[in-house]
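To keep things clear, I will list the structure first and then write my remarks on it.
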Amino acid sequence: MTTSTLPIATLPIATGRAEDYDEIGRFLGDLFHQPVVPEAHETERAIFEPERALLVRDGPELVASAAAYTRDLGVPGGAIPAAHVTLVGVASTHRRRGLLTAMMHRQLRQIRDDRREPIAVLWASEGRIYPRFGYGLAAQRLTVTDETTELRLPAPTPDEGRLRLDSPTARRADLARVYDRARADRPGWSARDDRWWRYVLVDPEAQRGGATERRVVLHEGADGVDGYGLFRTKAEWEDAGPKGLTTVDEVVATDPAAYRAIWRMLLSLDLARRLSWVRAAVDEPLLRMVNEPRQLGAQLVDALWVRVVDVPAALAARRYATDVDVVIEVTDDLLPENTGRWRLRGGLTGATCTPESAPADLACDVRCLGEVFLGGAGLTTLADAGRVRELRPGALATATPAFTWPRAPSALEVF
């Protein structure tokens, strides 16, 4: 095994145990200024993987943590194993002592050597934290906040089926079937087994902010349920009348008619005049459906950050929108095995990535590969930003389209 020179923190890093879970919950609750909610805490216990947790203690006191979940992540053309990094934090009393750096380096080495996962993925509490560990912004999202009274959708069409309201937990099997069919075509969506569906659907009253319990609207087409929307509402009034709020969590559909019908209902709920949705895709069809997209108040923010841990394995694991044959010179200060020239040959049916001694066509650091990996950022954009170098004229023009994908990457859940 090839090793790299890593900074040495003053305190040792230990592997977690199942009995550490409650302590980690209290520790991170304090760091993120959120109380521990017992119902949610117990649901999350089922997805906790103690053997993937890294903990630092100063005497008996927990002062830093980092962990990961074992899940598949949707990528262009399929899904691959990805370390879903989570539970990361350092106590305010122990900042700037190299603890986060030591944990991140240890974790990356374990992901590559022990787990053999080609990529890692995370949500960042602050965007400036993780680029120094090689993570690149791979998927963005839109936050939507609108006055629903100002929006109109096209009239219903004959192919729109029937809508039903129900409890999400009662229809979990239907939700899972629709999600799995849609996930096959959407980079950035993570696999959900029964444990993860319980995590996604848990709905403690303490986390509702005065709103109702979560509901689901299901669309039934000719072949059964082909779409759903998870939402809740909150009653608010002013002198002029009702000003209720609809909060949307997910809208997933495998048929455009289902998508349109679900949104037509969500935008026209009685006594609701506002709608909030914080994890919309950047290519969300809703923006092209409403009569006045400005009223959606859409704002672009970051979502998933990807770290390519094993360059040849990762680049060979995804598919490419056009045929590509390019030599990329990669630098990686933390995982030196990734540093070198790699020849990528690929297309819609498969790809290979092998060491190459010939001159490179493009040069970049490993962070750039994370940014383009899900098909979101473009190589040309990164070149314009001074972060990708074109070493052979014309290489960007041929390679950039290959790394794109028909659907933009998005993320439906925070893990």
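In the structure tokens, the first chain shown is A, the next is B, and so on; residue numbers restart at 1 for each chain, and ligands run from 1 in the order shown.
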Wanna dump the range 93-196 of chain A-range 48-66 of chain A contacts at 9 Å for me, each residue with its shortest atom pair and the distance in Å to one decimal, counting only C-alpha atoms, ordered by chain and number, as JSON lines?
```
{"residue": "A:Thr93", "atom": "CA", "partner": "A:Val63", "partner_atom": "CA", "distance": 8.0}
{"residue": "A:His94", "atom": "CA", "partner": "A:Val63", "partner_atom": "CA", "distance": 6.8}
{"residue": "A:Leu99", "atom": "CA", "partner": "A:Ala64", "partner_atom": "CA", "distance": 7.0}
{"residue": "A:Leu100", "atom": "CA", "partner": "A:Ala64", "partner_atom": "CA", "distance": 7.5}
{"residue": "A:Met103", "atom": "CA", "partner": "A:Ala66", "partner_atom": "CA", "distance": 6.7}
{"residue": "A:Met104", "atom": "CA", "partner": "A:Ala66", "partner_atom": "CA", "distance": 7.7}
{"residue": "A:Arg106", "atom": "CA", "partner": "A:Leu54", "partner_atom": "CA", "distance": 8.6}
{"residue": "A:Gln107", "atom": "CA", "partner": "A:Leu54", "partner_atom": "CA", "distance": 7.8}
{"residue": "A:Gln110", "atom": "CA", "partner": "A:Arg52", "partner_atom": "CA", "distance": 8.9}
```
Once you have the residues from the selection above, write them out as an mmCIF file, in the first residue's frame, restricted to C-alpha atoms.
```
data_model
loop_
_atom_site.group_PDB
_atom_site.id
_atom_site.type_symbol
_atom_site.label_atom_id
_atom_site.label_comp_id
_atom_site.auth_asym_id
_atom_site.auth_seq_id
_atom_site.Cartn_x
_atom_site.Cartn_y
_atom_site.Cartn_z
ATOM 1 C CA THR A 93 -12.293 24.415 22.161
ATOM 2 C CA HIS A 94 -10.090 22.319 19.857
ATOM 3 C CA LEU A 99 -7.861 17.485 14.034
ATOM 4 C CA LEU A 100 -10.151 17.922 11.009
ATOM 5 C CA MET A 103 -9.489 12.866 10.275
ATOM 6 C CA MET A 104 -10.129 13.770 6.635
ATOM 7 C CA ARG A 106 -7.349 9.146 7.554
ATOM 8 C CA GLN A 107 -10.852 8.783 6.163
ATOM 9 C CA GLN A 110 -9.609 4.175 4.482
#
```
Task: DSSP helix (DSSP H, G or I) residues within range 108-223 of chain A, as a ChimeraX atom specification - done: /A:108-115,130-133,148-150,169-183,194-201,205-207
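Counting only C-alpha atoms, Asp203 in chain A has the following residues at most 9 Å away, ignoring those fewer than 3 positions along the same chain: Glu39, Ala40, Val200, Ala206, Gln207, Arg208, Glu213 and Arg214 of chain A.
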Using C-alpha atoms, can you export the residues from the last selection as a short mmCIF file (atom, residue, chain, number, x, y, z; two decimals), in the first residue's frame?
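Okay, result.cif is ready:
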```
data_model
loop_
_atom_site.label_atom_id
_atom_site.label_comp_id
_atom_site.auth_asym_id
_atom_site.auth_seq_id
_atom_site.Cartn_x
_atom_site.Cartn_y
_atom_site.Cartn_z
CA GLU A 39 -37.58 10.06 17.55
CA ALA A 40 -35.22 11.23 14.81
CA VAL A 200 -36.20 10.01 5.07
CA ALA A 206 -40.56 18.79 17.31
CA GLN A 207 -39.08 19.33 13.83
CA ARG A 208 -42.25 20.58 12.11
CA GLU A 213 -47.46 16.26 9.70
CA ARG A 214 -45.97 15.35 6.35
#
```
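Residues lying within 12 Å of Trp197 in chain A, counting only C-alpha atoms and ignoring same-chain neighbours fewer than 4 positions away, are Thr43, Glu44, Ala46, Ile47, Pro168, Thr169, Ala170, Arg171, Arg172, Ala173, Asp174, Leu175, Ala176, Arg177, Tyr179, Asp180, Ser190, Ala191, Arg192, Asp193, Leu201, Val202, Asp203 and Glu413 of chain A.
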TODO: Going by DSSP on the backbone, which bits of range 151-352 of chain A are strand (DSSP E or B)? Write them as a PyMOL selection string, please.
DONE: chain A and resi 162-166+190+215-221+224-234+237-238+241-242+244-253+272-280+299-308+324-331+340-346+351-352
- [ ] Please measure the separation of CA of Ala399 in chain A and CA of Arg181 in chain A, giving the value in Å to one decimal.
- [x] 29.3 Å
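Minimum distance to Pro285 in chain A across A:Asp223, A:Leu391, A:Leu153, A:Gly378 (counting only C-alpha atoms) occurs at A:Leu153.
The space between CA of Pro256 in chain A and CA of Ala211 in chain A spans 29.2 Å.
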Task: Spatial neighbours of Gly210 in chain A, max dist 12 Å, only C-alpha atoms, sep filter under 6 positions, as an MDAnalysis selection string - done: chainID A and resid 204 232:236 244:245 247
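The closest residue to Arg132 in chain A, picked from A:Ala280, A:Trp405, A:His105, A:Gly161 and counting only C-alpha atoms, is A:His105.
Near Pro187 in chain A, within a cut-off of 9 Å and counting only C-alpha atoms, sit the residues Leu73, Gly74, Val75, Pro76, Gly77, Gly78, Ala79, Ala139, Arg183, Leu374, Gly375, Trp405, Arg407, Ala408, Pro409, Ser410 and Ala411 of chain A, with same-chain residues fewer than 4 positions away left out.
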Please save N, CA and C atoms of the selected residues as a JSON list (two decimals), in the first residue's frame.
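New file result21.json:
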```
[["chain", "number", "residue", "atom", "x", "y", "z"],
["A", 73, "LEU", "N", -24.39, 5.72, -5.16],
["A", 73, "LEU", "CA", -24.77, 7.05, -5.63],
["A", 73, "LEU", "C", -25.00, 7.00, -7.12],
["A", 74, "GLY", "N", -26.08, 7.63, -7.58],
["A", 74, "GLY", "CA", -26.34, 7.71, -9.00],
["A", 74, "GLY", "C", -25.30, 8.56, -9.70],
["A", 75, "VAL", "N", -24.75, 8.05, -10.79],
["A", 75, "VAL", "CA", -23.77, 8.77, -11.62],
["A", 75, "VAL", "C", -24.24, 8.66, -13.06],
["A", 76, "PRO", "N", -23.68, 9.43, -13.97],
["A", 76, "PRO", "CA", -24.08, 9.30, -15.37],
["A", 76, "PRO", "C", -23.98, 7.87, -15.86],
["A", 77, "GLY", "N", -25.13, 7.30, -16.23],
["A", 77, "GLY", "CA", -25.16, 5.95, -16.77],
["A", 77, "GLY", "C", -25.33, 4.84, -15.78],
["A", 78, "GLY", "N", -25.50, 5.13, -14.50],
["A", 78, "GLY", "CA", -25.66, 4.04, -13.53],
["A", 78, "GLY", "C", -25.49, 4.49, -12.10],
["A", 79, "ALA", "N", -24.99, 3.60, -11.25],
["A", 79, "ALA", "CA", -24.76, 3.90, -9.84],
["A", 79, "ALA", "C", -23.50, 3.18, -9.39],
["A", 139, "ALA", "N", -22.78, 19.08, -7.56],
["A", 139, "ALA", "CA", -24.21, 19.25, -7.82],
["A", 139, "ALA", "C", -24.71, 20.48, -7.08],
["A", 183, "ARG", "N", -34.55, 7.15, -10.07],
["A", 183, "ARG", "CA", -33.14, 7.28, -9.67],
["A", 183, "ARG", "C", -32.20, 6.75, -10.74],
["A", 374, "LEU", "N", -20.27, 14.23, -11.88],
["A", 374, "LEU", "CA", -21.71, 13.93, -12.00],
["A", 374, "LEU", "C", -22.35, 14.57, -13.22],
["A", 375, "GLY", "N", -21.57, 15.29, -14.01],
["A", 375, "GLY", "CA", -22.12, 15.90, -15.21],
["A", 375, "GLY", "C", -22.64, 17.30, -15.02],
["A", 405, "TRP", "N", -24.34, 15.38, -19.13],
["A", 405, "TRP", "CA", -25.34, 14.32, -19.09],
["A", 405, "TRP", "C", -26.71, 14.94, -19.34],
["A", 407, "ARG", "N", -29.53, 14.79, -17.87],
["A", 407, "ARG", "CA", -30.16, 15.34, -16.67],
["A", 407, "ARG", "C", -29.08, 15.88, -15.74],
["A", 408, "ALA", "N", -29.34, 17.06, -15.20],
["A", 408, "ALA", "CA", -28.38, 17.67, -14.27],
["A", 408, "ALA", "C", -28.34, 16.88, -12.98],
["A", 409, "PRO", "N", -27.20, 16.81, -12.31],
["A", 409, "PRO", "CA", -27.15, 16.16, -11.01],
["A", 409, "PRO", "C", -27.96, 16.95, -9.98],
["A", 410, "SER", "N", -28.56, 16.23, -9.07],
["A", 410, "SER", "CA", -29.32, 16.89, -7.99],
["A", 410, "SER", "C", -29.25, 16.03, -6.75],
["A", 411, "ALA", "N", -29.80, 16.53, -5.66],
["A", 411, "ALA", "CA", -29.78, 15.79, -4.39],
["A", 411, "ALA", "C", -31.10, 16.02, -3.67]]
```
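When CA of Gly347 in chain A is paired with CA of Leu369 in chain A, their separation reads 17.1 Å.
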Task: Among listed residues A:Val88, A:Val311, A:Ala261, A:Trp196, nearest Arg45 in chain A (using only C-alpha atoms) - done: A:Trp196
Task: A:Gly134, A:Pro359, A:Pro154, A:Pro401 ranked by distance to Ala377 in chain A, top pick (using only C-alpha atoms) - done: A:Pro401
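Between Leu382 in chain A and the candidates A:Leu287, A:Leu137, A:Val327, A:Ile262, the tightest atom-to-atom separation, counting only C-alpha atoms, involves A:Leu137.
Between Ala155 in chain A and the candidates A:Val37, A:Val121, A:Val290, A:Val225, the tightest atom-to-atom separation, counting only C-alpha atoms, involves A:Val290.
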Task: Nearby residues (only C-alpha atoms) at most 8 Å from Val308 in chain A, same-chain spacing under 2 positions excluded, as an NGL selection string - done: :A and (118-120 or 134-135 or 306 or 310-311 or 314 or 366-367 or 369-370)
